[in-house]
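Undergrad: Just so it is clear, I am handing over start.pdb, which has PDB, C-alpha atoms and all ligand atoms.
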ATOM      1  CA  MET X  15      -3.100  -7.387   9.575
ATOM      2  CA  GLU X  16      -3.929 -10.255   7.275
ATOM      3  CA  THR X  17      -1.628 -10.483   4.253
ATOM      4  CA  LEU X  18      -3.141 -10.985   0.814
ATOM      5  CA  ILE X  19      -0.027 -11.940  -1.106
ATOM      6  CA  SER X  20       3.252 -12.852   0.443
ATOM      7  CA  GLY X  21       6.494 -13.312  -1.440
ATOM      8  CA  LYS X  22       9.424 -14.741   0.467
ATOM      9  CA  ASN X  23      12.982 -14.670  -0.858
ATOM     10  CA  LEU X  24      11.804 -14.666  -4.444
ATOM     11  CA  LYS X  25      14.448 -15.214  -7.078
ATOM     12  CA  ALA X  26      13.203 -14.890 -10.638
ATOM     13  CA  TYR X  27      15.918 -15.215 -13.259
ATOM     14  CA  TYR X  28      15.949 -15.240 -17.028
ATOM     15  CA  VAL X  29      17.988 -18.250 -18.009
ATOM     16  CA  LEU X  30      19.121 -17.768 -21.584
ATOM     17  CA  ASP X  31      20.947 -20.260 -23.704
ATOM     18  CA  LEU X  32      22.955 -18.302 -26.245
ATOM     19  CA  TRP X  33      24.491 -20.728 -28.708
ATOM     20  CA  GLY X  34      25.576 -23.074 -25.992
ATOM     21  CA  SER X  35      26.699 -20.463 -23.477
ATOM     22  CA  LYS X  36      24.346 -19.867 -20.584
ATOM     23  CA  LYS X  37      23.483 -16.346 -19.523
ATOM     24  CA  VAL X  38      21.559 -15.704 -16.329
ATOM     25  CA  VAL X  39      19.836 -12.374 -15.775
ATOM     26  CA  LYS X  40      19.044 -12.000 -12.097
ATOM     27  CA  ALA X  41      16.071  -9.679 -12.546
ATOM     28  CA  VAL X  42      14.518 -10.397  -9.135
ATOM     29  CA  ASP X  43      17.128 -11.433  -6.636
ATOM     30  CA  ASN X  44      15.927 -12.368  -3.201
ATOM     31  CA  VAL X  45      12.893 -10.159  -2.772
ATOM     32  CA  SER X  46      10.435 -10.505   0.107
ATOM     33  CA  LEU X  47       7.283  -8.473   0.391
ATOM     34  CA  ASP X  48       3.759  -8.569   1.769
ATOM     35  CA  ILE X  49       0.836  -7.089  -0.118
ATOM     36  CA  LEU X  50      -2.078  -6.136   2.098
ATOM     37  CA  PRO X  51      -5.823  -5.908   1.483
ATOM     38  CA  ASN X  52      -7.243  -2.543   0.489
ATOM     39  CA  GLU X  53      -4.103  -0.749  -0.605
ATOM     40  CA  ILE X  54      -2.437   0.651  -3.688
ATOM     41  CA  TYR X  55       1.056  -0.749  -3.526
ATOM     42  CA  GLY X  56       3.555   0.887  -5.855
ATOM     43  CA  ILE X  57       6.768  -0.556  -7.229
ATOM     44  CA  ALA X  58       9.207   2.127  -8.374
ATOM     45  CA  GLY X  59      12.671   2.276  -9.898
ATOM     46  CA  GLU X  60      14.442   3.015 -13.174
ATOM     47  CA  SER X  61      13.715   0.835 -16.179
ATOM     48  CA  GLY X  62      15.583  -2.444 -16.151
ATOM     49  CA  CYS X  63      15.632  -2.803 -12.357
ATOM     50  CA  GLY X  64      13.302  -5.818 -12.268
ATOM     51  CA  LYS X  65       9.918  -4.183 -11.561
ATOM     52  CA  SER X  66       8.003  -5.943 -14.327
ATOM     53  CA  THR X  67       9.694  -9.238 -13.534
ATOM     54  CA  LEU X  68       8.731  -8.910  -9.886
ATOM     55  CA  LEU X  69       5.145  -8.376 -11.004
ATOM     56  CA  LYS X  70       5.313 -11.522 -13.130
ATOM     57  CA  ALA X  71       6.803 -13.501 -10.251
ATOM     58  CA  LEU X  72       3.978 -12.331  -7.964
ATOM     59  CA  LEU X  73       1.467 -13.350 -10.619
ATOM     60  CA  ALA X  74       3.121 -16.765 -10.990
ATOM     61  CA  LEU X  75       3.385 -15.878 -14.652
ATOM     62  CA  LEU X  76       6.659 -17.587 -15.337
ATOM     63  CA  ASP X  77       7.105 -18.378 -18.976
ATOM     64  CA  PRO X  78      10.543 -19.468 -20.141
ATOM     65  CA  PRO X  79      13.185 -18.098 -20.190
ATOM     66  CA  LEU X  80      11.882 -16.607 -16.913
ATOM     67  CA  ARG X  81      12.153 -19.046 -14.021
ATOM     68  CA  LEU X  82      11.445 -18.934 -10.333
ATOM     69  CA  MET X  83      14.731 -20.225  -8.951
ATOM     70  CA  ASP X  84      13.900 -19.974  -5.302
ATOM     71  CA  GLY X  85      11.422 -18.571  -2.830
ATOM     72  CA  GLU X  86       7.842 -18.992  -1.784
ATOM     73  CA  LEU X  87       4.685 -17.305  -2.990
ATOM     74  CA  LEU X  88       1.517 -17.401  -0.903
ATOM     75  CA  TYR X  89      -1.936 -16.155  -1.872
ATOM     76  CA  ASN X  90      -4.507 -15.730   0.820
ATOM     77  CA  ILE X  91      -7.498 -17.255  -0.937
ATOM     78  CA  GLU X  92     -10.665 -16.966   1.158
ATOM     79  CA  GLY X  93      -8.650 -16.836   4.358
ATOM     80  CA  ARG X  94      -6.450 -19.793   3.454
ATOM     81  CA  PRO X  95      -2.775 -19.183   2.693
ATOM     82  CA  THR X  96      -2.114 -21.144  -0.488
ATOM     83  CA  ASN X  97       1.337 -21.922  -1.819
ATOM     84  CA  VAL X  98       0.952 -20.859  -5.428
ATOM     85  CA  THR X  99       4.217 -22.373  -6.592
ATOM     86  CA  LEU X 100       2.738 -25.806  -5.887
ATOM     87  CA  LEU X 101      -0.493 -25.241  -7.807
ATOM     88  CA  LYS X 102      -1.127 -26.733 -11.230
ATOM     89  CA  SER X 103      -1.058 -24.234 -14.081
ATOM     90  CA  GLU X 104      -4.742 -24.979 -14.703
ATOM     91  CA  THR X 105      -5.611 -23.911 -11.137
ATOM     92  CA  ILE X 106      -3.500 -20.772 -11.474
ATOM     93  CA  ARG X 107      -5.282 -19.990 -14.735
ATOM     94  CA  LYS X 108      -8.631 -20.159 -12.917
ATOM     95  CA  LEU X 109      -7.415 -17.622 -10.368
ATOM     96  CA  ARG X 110      -6.679 -15.144 -13.143
ATOM     97  CA  TRP X 111      -9.327 -12.454 -13.611
ATOM     98  CA  SER X 112     -11.247 -13.621 -10.529
ATOM     99  CA  PHE X 113      -8.666 -13.526  -7.700
ATOM    100  CA  ILE X 114      -5.853 -11.697  -9.467
ATOM    101  CA  SER X 115      -5.894  -9.833 -12.704
ATOM    102  CA  TYR X 116      -3.116  -8.392 -14.758
ATOM    103  CA  ILE X 117      -2.905  -5.330 -16.938
ATOM    104  CA  PRO X 118       0.345  -5.826 -18.824
ATOM    105  CA  GLN X 119       2.383  -3.031 -20.297
ATOM    106  CA  GLY X 120       0.785  -2.149 -23.650
ATOM    107  CA  SER X 121      -2.930  -2.898 -23.401
ATOM    108  CA  MET X 122      -3.081  -4.562 -26.828
ATOM    109  CA  HIS X 123      -2.010  -7.782 -25.098
ATOM    110  CA  VAL X 124      -5.399  -8.018 -23.420
ATOM    111  CA  LEU X 125      -7.528  -6.649 -26.213
ATOM    112  CA  ASN X 126      -7.658  -8.871 -29.236
ATOM    113  CA  PRO X 127      -7.160  -6.570 -32.268
ATOM    114  CA  VAL X 128      -9.498  -8.584 -34.502
ATOM    115  CA  LYS X 129     -12.341  -8.764 -31.980
ATOM    116  CA  ARG X 130     -14.879  -6.212 -30.882
ATOM    117  CA  VAL X 131     -14.501  -5.233 -27.232
ATOM    118  CA  ARG X 132     -17.783  -7.003 -26.348
ATOM    119  CA  ASP X 133     -16.428 -10.341 -27.549
ATOM    120  CA  THR X 134     -13.381 -10.019 -25.303
ATOM    121  CA  PHE X 135     -15.718  -9.246 -22.384
ATOM    122  CA  ILE X 136     -17.818 -12.322 -23.188
ATOM    123  CA  GLU X 137     -14.695 -14.464 -23.518
ATOM    124  CA  ILE X 138     -13.379 -13.482 -20.092
ATOM    125  CA  LEU X 139     -16.761 -13.784 -18.385
ATOM    126  CA  SER X 140     -17.643 -17.114 -19.980
ATOM    127  CA  SER X 141     -14.336 -18.645 -18.910
ATOM    128  CA  HIS X 142     -15.302 -18.085 -15.255
ATOM    129  CA  VAL X 143     -19.075 -18.004 -14.860
ATOM    130  CA  LYS X 144     -21.917 -19.954 -16.422
ATOM    131  CA  LYS X 145     -24.483 -17.619 -17.909
ATOM    132  CA  GLN X 146     -26.190 -16.782 -21.182
ATOM    133  CA  THR X 147     -24.452 -14.407 -23.616
ATOM    134  CA  LYS X 148     -27.211 -11.842 -23.022
ATOM    135  CA  GLU X 149     -26.477 -11.830 -19.302
ATOM    136  CA  PHE X 150     -22.763 -11.375 -19.995
ATOM    137  CA  LEU X 151     -23.539  -8.366 -22.125
ATOM    138  CA  ASP X 152     -25.753  -6.896 -19.404
ATOM    139  CA  LEU X 153     -22.919  -7.395 -16.928
ATOM    140  CA  ALA X 154     -20.427  -5.724 -19.252
ATOM    141  CA  VAL X 155     -22.753  -2.768 -19.867
ATOM    142  CA  GLN X 156     -23.420  -2.322 -16.152
ATOM    143  CA  HIS X 157     -19.724  -2.542 -15.350
ATOM    144  CA  LEU X 158     -18.811   0.109 -17.936
ATOM    145  CA  LYS X 159     -21.590   2.324 -16.551
ATOM    146  CA  ASP X 160     -20.291   1.896 -13.007
ATOM    147  CA  LEU X 161     -16.882   2.982 -14.197
ATOM    148  CA  GLY X 162     -18.255   5.955 -16.112
ATOM    149  CA  LEU X 163     -17.202   4.570 -19.505
ATOM    150  CA  PRO X 164     -19.433   4.813 -22.604
ATOM    151  CA  GLU X 165     -21.366   1.681 -23.513
ATOM    152  CA  ARG X 166     -20.642   2.187 -27.211
ATOM    153  CA  VAL X 167     -17.054   0.965 -26.765
ATOM    154  CA  LEU X 168     -18.471  -2.574 -26.686
ATOM    155  CA  ASN X 169     -19.133  -2.455 -30.413
ATOM    156  CA  MET X 170     -15.750  -1.054 -31.273
ATOM    157  CA  PHE X 171     -12.484  -2.665 -32.273
ATOM    158  CA  PRO X 172      -9.416  -1.799 -30.188
ATOM    159  CA  HIS X 173      -7.826   0.268 -32.978
ATOM    160  CA  GLN X 174     -10.911   2.508 -33.025
ATOM    161  CA  LEU X 175     -10.246   3.594 -29.447
ATOM    162  CA  SER X 176      -7.804   6.306 -28.392
ATOM    163  CA  GLY X 177      -4.797   5.168 -26.365
ATOM    164  CA  GLY X 178      -6.308   6.464 -23.152
ATOM    165  CA  MET X 179      -9.719   4.896 -23.774
ATOM    166  CA  ARG X 180      -8.093   1.615 -24.733
ATOM    167  CA  GLN X 181      -6.239   1.571 -21.440
ATOM    168  CA  ARG X 182      -9.443   2.324 -19.522
ATOM    169  CA  VAL X 183     -11.290  -0.436 -21.370
ATOM    170  CA  THR X 184      -8.462  -2.828 -20.492
ATOM    171  CA  ILE X 185      -8.846  -1.856 -16.852
ATOM    172  CA  ALA X 186     -12.601  -2.412 -17.135
ATOM    173  CA  LEU X 187     -11.970  -5.905 -18.505
ATOM    174  CA  ALA X 188      -9.475  -6.667 -15.784
ATOM    175  CA  THR X 189     -11.982  -5.717 -13.102
ATOM    176  CA  VAL X 190     -15.254  -7.131 -14.410
ATOM    177  CA  LEU X 191     -14.933 -10.210 -12.183
ATOM    178  CA  LYS X 192     -14.061  -8.055  -9.171
ATOM    179  CA  PRO X 193     -10.636  -9.554  -8.420
ATOM    180  CA  ARG X 194      -9.035  -9.122  -5.005
ATOM    181  CA  VAL X 195      -5.797  -7.913  -6.575
ATOM    182  CA  ILE X 196      -5.136  -6.033  -9.783
ATOM    183  CA  PHE X 197      -1.577  -5.887 -11.082
ATOM    184  CA  ALA X 198      -0.831  -3.078 -13.512
ATOM    185  CA  ASP X 199       2.452  -2.563 -15.335
ATOM    186  CA  GLU X 200       3.127   1.041 -16.387
ATOM    187  CA  PRO X 201      -0.585   1.707 -17.090
ATOM    188  CA  THR X 202      -0.070   5.429 -17.652
ATOM    189  CA  THR X 203       3.180   5.335 -19.613
ATOM    190  CA  ALA X 204       2.874   6.477 -23.255
ATOM    191  CA  LEU X 205      -0.350   8.403 -22.533
ATOM    192  CA  ASP X 206      -0.728  12.160 -22.650
ATOM    193  CA  VAL X 207      -1.306  14.064 -19.419
ATOM    194  CA  VAL X 208      -5.102  14.173 -19.768
ATOM    195  CA  ALA X 209      -5.388  10.445 -20.513
ATOM    196  CA  GLN X 210      -2.949   9.692 -17.673
ATOM    197  CA  ARG X 211      -5.161  11.535 -15.243
ATOM    198  CA  ALA X 212      -8.260   9.689 -16.467
ATOM    199  CA  VAL X 213      -6.534   6.317 -16.012
ATOM    200  CA  MET X 214      -5.349   7.204 -12.522
ATOM    201  CA  GLN X 215      -8.819   8.400 -11.548
ATOM    202  CA  LEU X 216     -10.277   5.156 -12.821
ATOM    203  CA  ILE X 217      -7.818   3.021 -10.848
ATOM    204  CA  ARG X 218      -8.531   5.050  -7.736
ATOM    205  CA  LYS X 219     -12.283   4.743  -8.228
ATOM    206  CA  ILE X 220     -12.128   0.974  -8.685
ATOM    207  CA  GLN X 221      -9.966   0.545  -5.618
ATOM    208  CA  ASN X 222     -12.294   2.746  -3.636
ATOM    209  CA  ASP X 223     -15.435   0.914  -4.807
ATOM    210  CA  LEU X 224     -14.138  -2.643  -4.518
ATOM    211  CA  LYS X 225     -11.818  -2.057  -1.542
ATOM    212  CA  ASN X 226      -9.447  -4.436  -3.256
ATOM    213  CA  THR X 227      -5.719  -4.128  -3.804
ATOM    214  CA  VAL X 228      -3.847  -2.627  -6.706
ATOM    215  CA  VAL X 229      -0.181  -3.365  -7.318
ATOM    216  CA  LEU X 230       1.128  -0.673  -9.595
ATOM    217  CA  VAL X 231       4.479  -0.747 -11.364
ATOM    218  CA  THR X 232       5.721   2.526 -12.777
ATOM    219  CA  HIS X 233       9.052   4.313 -13.108
ATOM    220  CA  ASP X 234       7.110   7.593 -12.722
ATOM    221  CA  MET X 235       7.561   8.838  -9.179
ATOM    222  CA  GLY X 236       4.869  11.467  -9.810
ATOM    223  CA  VAL X 237       2.300   8.713 -10.284
ATOM    224  CA  HIS X 238       3.419   7.004  -7.073
ATOM    225  CA  ALA X 239       3.088  10.275  -5.181
ATOM    226  CA  GLN X 240      -0.420  10.788  -6.477
ATOM    227  CA  ILE X 241      -1.965   7.394  -6.193
ATOM    228  CA  THR X 242      -0.099   4.751  -4.171
ATOM    229  CA  THR X 243      -0.527   4.290  -0.448
ATOM    230  CA  ARG X 244       2.565   2.191   0.135
ATOM    231  CA  MET X 245       5.549   1.667  -2.100
ATOM    232  CA  ALA X 246       8.741  -0.228  -2.725
ATOM    233  CA  ILE X 247      11.803   1.127  -4.483
ATOM    234  CA  MET X 248      13.710  -1.421  -6.547
ATOM    235  CA  TYR X 249      17.312  -1.210  -7.560
ATOM    236  CA  ALA X 250      19.161  -3.842  -9.590
ATOM    237  CA  GLY X 251      16.784  -6.676  -8.738
ATOM    238  CA  LYS X 252      16.302  -5.863  -5.074
ATOM    239  CA  ILE X 253      13.965  -3.820  -2.915
ATOM    240  CA  VAL X 254      16.100  -1.124  -1.307
ATOM    241  CA  GLU X 255      13.354   0.770   0.503
ATOM    242  CA  GLU X 256       9.709   0.189   1.382
ATOM    243  CA  GLY X 257       7.180   2.178   3.346
ATOM    244  CA  PRO X 258       4.035   4.301   3.303
ATOM    245  CA  THR X 259       4.239   6.555   0.230
ATOM    246  CA  LEU X 260       3.811   9.768   2.233
ATOM    247  CA  GLU X 261       6.597   8.753   4.566
ATOM    248  CA  ILE X 262       8.910   7.811   1.661
ATOM    249  CA  PHE X 263       8.431  11.204   0.016
ATOM    250  CA  LYS X 264       8.742  13.114   3.291
ATOM    251  CA  ASN X 265      11.622  11.150   4.687
ATOM    252  CA  PRO X 266      13.451   9.107   2.025
ATOM    253  CA  LEU X 267      16.188   7.070   3.678
ATOM    254  CA  HIS X 268      18.015   5.350   0.825
ATOM    255  CA  PRO X 269      20.381   7.538  -1.259
ATOM    256  CA  TYR X 270      18.835   6.075  -4.417
ATOM    257  CA  THR X 271      15.298   6.991  -3.310
ATOM    258  CA  ARG X 272      16.524  10.526  -2.636
ATOM    259  CA  TYR X 273      17.860  10.748  -6.177
ATOM    260  CA  LEU X 274      14.569   9.503  -7.594
ATOM    261  CA  ILE X 275      12.616  12.100  -5.654
ATOM    262  CA  GLN X 276      15.047  14.888  -6.539
ATOM    263  CA  SER X 277      14.770  14.089 -10.217
ATOM    264  CA  LEU X 278      10.998  14.628 -10.081
ATOM    265  CA  PRO X 279      10.045  17.987 -11.576
ATOM    266  CA  ALA X 280       8.030  20.283  -9.335
ATOM    267  CA  ILE X 281       4.627  21.350 -10.679
ATOM    268  CA  GLY X 282       5.059  24.178 -13.179
ATOM    269  CA  ASP X 283       8.815  23.671 -13.173
ATOM    270  CA  LYS X 284      10.032  23.536 -16.758
ATOM    271  CA  LYS X 285      13.758  23.221 -16.210
ATOM    272  CA  LEU X 286      15.497  19.888 -16.319
ATOM    273  CA  ARG X 287      16.005  18.395 -12.870
ATOM    274  CA  SER X 288      19.202  16.733 -11.799
ATOM    275  CA  GLY X 289      19.422  13.187 -13.116
ATOM    276  CA  ILE X 290      20.942  10.287 -11.269
ATOM    277  CA  PRO X 291      24.663  10.008 -12.024
ATOM    278  CA  GLY X 292      25.830   6.808 -13.712
ATOM    279  CA  SER X 293      23.592   4.071 -15.038
ATOM    280  CA  PRO X 294      21.989   0.940 -13.564
ATOM    281  CA  PRO X 295      24.286  -2.087 -13.401
ATOM    282  CA  SER X 296      24.067  -5.246 -15.462
ATOM    283  CA  LEU X 297      21.836  -7.858 -13.884
ATOM    284  CA  VAL X 298      24.063 -10.583 -15.281
ATOM    285  CA  ALA X 299      27.010  -9.541 -13.129
ATOM    286  CA  PRO X 300      25.758  -7.032 -10.551
ATOM    287  CA  PRO X 301      28.337  -5.232  -8.389
ATOM    288  CA  PRO X 302      29.299  -6.983  -5.151
ATOM    289  CA  GLY X 303      28.243  -5.585  -1.777
ATOM    290  CA  CYS X 304      25.608  -2.895  -2.066
ATOM    291  CA  ARG X 305      24.556  -2.897  -5.706
ATOM    292  CA  PHE X 306      24.167   0.876  -5.602
ATOM    293  CA  HIS X 307      27.729   1.522  -4.441
ATOM    294  CA  PRO X 308      29.191   2.536  -7.852
ATOM    295  CA  ARG X 309      26.668   5.393  -7.981
ATOM    296  CA  CYS X 310      26.408   6.247  -4.317
ATOM    297  CA  PRO X 311      28.087   9.400  -2.982
ATOM    298  CA  HIS X 312      28.292   7.833   0.488
ATOM    299  CA  ALA X 313      29.825   4.487  -0.460
ATOM    300  CA  SER X 314      32.433   3.148   1.945
ATOM    301  CA  GLN X 315      34.689   0.104   1.832
ATOM    302  CA  ARG X 316      32.048  -1.912   3.673
ATOM    303  CA  CYS X 317      29.476  -1.053   0.985
ATOM    304  CA  ARG X 318      31.782  -2.543  -1.672
ATOM    305  CA  GLU X 319      32.124  -5.823   0.168
ATOM    306  CA  GLU X 320      29.029  -6.519   2.206
ATOM    307  CA  GLU X 321      25.395  -6.523   1.167
ATOM    308  CA  PRO X 322      23.058  -4.359   3.265
ATOM    309  CA  LEU X 323      19.816  -6.140   4.159
ATOM    310  CA  LEU X 324      16.353  -4.617   4.144
ATOM    311  CA  LYS X 325      15.659  -3.649   7.746
ATOM    312  CA  GLU X 326      12.783  -1.915   9.480
ATOM    313  CA  ILE X 327      13.953   1.480  10.735
ATOM    314  CA  LYS X 328      10.567   2.846  11.788
ATOM    315  CA  PRO X 329       7.261   0.982  11.960
ATOM    316  CA  GLY X 330       6.510  -0.013   8.370
ATOM    317  CA  HIS X 331       9.510   1.813   6.910
ATOM    318  CA  LYS X 332      12.312  -0.450   5.718
ATOM    319  CA  VAL X 333      15.617   0.361   4.084
ATOM    320  CA  ALA X 334      18.707  -1.516   2.925
ATOM    321  CA  CYS X 335      21.611   0.849   3.597
ATOM    322  CA  PHE X 336      24.465   0.803   6.081
ATOM    323  CA  LEU X 337      24.076   4.553   6.687
ATOM    324  CA  MET X 338      20.810   3.819   8.488
ATOM    325  CA  GLU X 339      22.255   1.347  10.900
ATOM    326  CA  GLY X 340      23.439   4.202  13.133
TER     327      GLY X 340
HETATM  328 FE1  LIG X 401      25.346   3.934  -0.415
HETATM  329 FE2  LIG X 401      26.547   2.183   1.160
HETATM  330 FE3  LIG X 401      24.023   2.835   1.617
HETATM  331 FE4  LIG X 401      24.678   1.346  -0.479
HETATM  332  S1  LIG X 401      24.892   0.791   1.676
HETATM  333  S2  LIG X 401      23.295   3.049  -0.473
HETATM  334  S3  LIG X 401      26.622   2.251  -1.079
HETATM  335  S4  LIG X 401      25.805   4.177   1.760
HETATM  336 MG    MG X 402       9.072  -2.839 -17.128
END
Would you give me this structure, written as structure tokens?
Ligand code: SF4
Ligand code: MG
TA:
Amino acid sequence: METLISGKNLKAYYVLDLWGSKKVVKAVDNVSLDILPNEIYGIAGESGCGKSTLLKALLALLDPPLRLMDGELLYNIEGRPTNVTLLKSETIRKLRWSFISYIPQGSMHVLNPVKRVRDTFIEILSSHVKKQTKEFLDLAVQHLKDLGLPERVLNMFPHQLSGGMRQRVTIALATVLKPRVIFADEPTTALDVVAQRAVMQLIRKIQNDLKNTVVLVTHDMGVHAQITTRMAIMYAGKIVEEGPTLEIFKNPLHPYTRYLIQSLPAIGDKKLRSGIPGSPPSLVAPPPGCRFHPRCPHASQRCREEEPLLKEIKPGHKVACFLMEG
């Protein structure tokens, strides 16, 4: 199958200069992945494992201190694989909203607090298409209608919207130019259950209507189970498992993935589930060998010394663990 976005050996580090001493946070450390057309690709893992940074690397959104140290990023733009790392920032800016769009964590980054929603719509549309303001407004109204959102939000300021509505409006903005790929970082976090469901339904509807691709970062395994079609599990800056979501939940292969699934409460289950022992390692000086070894009940000497590579165990199902090498 044709690949829409391809990341090869991506290394995205935060290079910090702290009063003359350099500190390097290896948030994404040699990650390769292919994002396909027409899928909801999830990126899971505890907070601080590099999920959001991976999203930024895939978006070529590398503002200092974040730097792409190594690797290649290809976008398949109209059938042509394009090396994004070689593009001028102006060209990358033009791809935003139309080819890729980004819903960052905390929707206030997209919505300007001192502008009515309609003005943000007009701003985004006018930066990509040449039309009259009236036509932009018609487009915005039609788009909100298509998504089942009330037209009146156009006249409102962001602070007048509830958290859930604000997030849905942000998603509407991010999709008005019908991008091939939408990146969303924790879009349901900090919302109540009802608003979470509405946001997930909206994402699913958009994906279904546009047949585009959604890349969804969330630490919430419940959200992955409900909405993603394929997913990657990140641990300490690396992908440790990747596969179809159903397959991952039915047959998790990495000990860390098993912990994540076990810690998910069953529906109606009020008691606290078992957490994952220990805490994630520092990304400044990650453990040698398998980065999960200090927390892994199966760790052997080899795991402390050698790094397991991500390998395909079954068609489409990859894992980085020596236990699976048989
Ligand atoms: Fe555990 Fe070793 Fe597998 Fe890492 S490689 S997850 S330490 S068994
Ligand atoms: Mg994050």
Undergrad: Please identify every polymer residue within 7 Å of ligand LIG 401 (chain X), using only C-alpha atoms and all ligand atoms, and present the set as JSON, numbers by chain.
TA: {"X": [268, 269, 270, 304, 305, 306, 307, 310, 311, 312, 313, 314, 317, 322, 334, 335, 336, 337]}
Undergrad: (-0.9, -3.1, -1.7) in this file's frame - what residues fall within 6 Å of it? Use all atoms listed in the file and give the answer as a list in words.
TA: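 Returned residue set, sorted by chain then number, is Ile49, Leu50, Glu53, Ile54, Tyr55, Thr227, Val228 and Val229 of chain X.
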Undergrad: Report the residues retrieved by the PyMOL selection byres (((chain X and resi 302) around 12) and not hetatm) from the displayed file, expressed as a list of chain:residue names.
TA: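 So the PyMOL selection byres (((chain X and resi 302) around 12) and not hetatm) ends up selecting X:Ala250, X:Pro295, X:Ser296, X:Leu297, X:Val298, X:Ala299, X:Pro300, X:Pro301, X:Gly303, X:Cys304, X:Arg305, X:Phe306, X:His307, X:Pro308, X:Gln315, X:Arg316, X:Cys317, X:Arg318, X:Glu319, X:Glu320, X:Glu321, X:Pro322.
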Undergrad: Generate a file of the selected residues that holds C-alpha atoms, formatted as a short mmCIF file (atom, residue, chain, number, x, y, z; two decimals), in the frame of the given file.
TA:
data_model
loop_
_atom_site.label_atom_id
_atom_site.label_comp_id
_atom_site.auth_asym_id
_atom_site.auth_seq_id
_atom_site.Cartn_x
_atom_site.Cartn_y
_atom_site.Cartn_z
CA ALA X 250 19.16 -3.84 -9.59
CA PRO X 295 24.29 -2.09 -13.40
CA SER X 296 24.07 -5.25 -15.46
CA LEU X 297 21.84 -7.86 -13.88
CA VAL X 298 24.06 -10.58 -15.28
CA ALA X 299 27.01 -9.54 -13.13
CA PRO X 300 25.76 -7.03 -10.55
CA PRO X 301 28.34 -5.23 -8.39
CA GLY X 303 28.24 -5.58 -1.78
CA CYS X 304 25.61 -2.90 -2.07
CA ARG X 305 24.56 -2.90 -5.71
CA PHE X 306 24.17 0.88 -5.60
CA HIS X 307 27.73 1.52 -4.44
CA PRO X 308 29.19 2.54 -7.85
CA GLN X 315 34.69 0.10 1.83
CA ARG X 316 32.05 -1.91 3.67
CA CYS X 317 29.48 -1.05 0.98
CA ARG X 318 31.78 -2.54 -1.67
CA GLU X 319 32.12 -5.82 0.17
CA GLU X 320 29.03 -6.52 2.21
CA GLU X 321 25.40 -6.52 1.17
CA PRO X 322 23.06 -4.36 3.26
#
Undergrad: Please return as a PyMOL selection string the residues found within 9 Å of ligand MG 402 (chain X), counting all atoms listed in the file.
TA: chain X and resi 60-67+119+199-200+231-233
Undergrad: So what does the PyMOL selection byres (((chain X and resi 179) around 10) and not hetatm) actually pick up in this one, as a VMD selection string?
TA: chain X and resid 163 to 164 167 172 174 to 178 180 to 185 209 212 to 213
Undergrad: Evaluate the PyMOL selection byres (((chain X and resi 84-98) around 8) and not hetatm) here and jot the selected residues down as a VMD selection string.
TA: chain X and resid 17 to 26 44 72 74 82 to 83 99 to 101 106 113
Undergrad: In Å, rounded to a single decimal, give me how far CA of Phe197 in chain X is from CA of Ser103 in chain X.
TA: 18.6 Å
Undergrad: State, in Å with one decimal place, the distance from CA of Gln240 in chain X to CA of Leu278 in chain X.
TA: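 These atoms are spaced 12.6 Å apart.
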Undergrad: Which one of X:Pro294, X:Leu76, X:Ser115, X:Leu168 sits closest to Gly251 in chain X if you count all atoms listed in the file?
TA: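 The closest residue to Gly251 in chain X is X:Pro294.
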Undergrad: Here's a test: counting all atoms listed in the file, identify every protein, DNA and RNA residue with an atom at most 12 Å from (-22.2, -10.9, -20.1) in the file's coordinate frame, and state them as number ranges by chain.
TA: X: 131-158, 168, 187, 190-191
Undergrad: If you measure from CA of Asn169 in chain X to CA of Lys108 in chain X, what distance in Å do you get, rounded to one decimal?
TA: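 So the answer is 27.0 Å.
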Undergrad: With distances taken over all atoms listed in the file, which of X:Gly59, X:Ile253, X:Thr105, X:Leu30 is nearest to Arg81 in chain X?
TA: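 Checking each candidate against Arg81 in chain X, we get X:Leu30 as the closest.
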Undergrad: Please determine an axis-aligned box that encloses all atoms of range 231-236 of chain X listed in the file, with 6 Å added on each side, and express its centre and edge lengths in Å to one decimal as JSON.
TA:
{"center_x": 6.8, "center_y": 5.4, "center_z": -11.1, "size_x": 16.6, "size_y": 24.2, "size_z": 15.9}
Undergrad: Restricting the calculation to all atoms listed in the file: of X:Val38, X:Ala58, X:Val195, X:Leu125, which residue gets closest to Ala246 in chain X?
TA: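 Smallest separation from Ala246 in chain X among the options: X:Ala58.
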Undergrad: Using only C-alpha atoms, find the one residue out of X:Ile196, X:Ile290, X:Ala41, X:Ala71 that sits nearest to Leu224 in chain X.
TA: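 Checking each candidate against Leu224 in chain X, we get X:Ile196 as the closest.
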Undergrad: Using all atoms listed in the file, find the one residue out of X:Thr243, X:Pro127, X:His238, X:Glu16 that sits nearest to Asp48 in chain X.
TA: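 Smallest separation from Asp48 in chain X among the options: X:Glu16.
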Undergrad: Considering all atoms listed in the file, can you say which of X:Val333, X:Ala188, X:Val207, X:Met248 comes closest to Tyr116 in chain X?
TA: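 When distances to Tyr116 in chain X are compared using all atoms listed in the file, the smallest one comes from X:Ala188.
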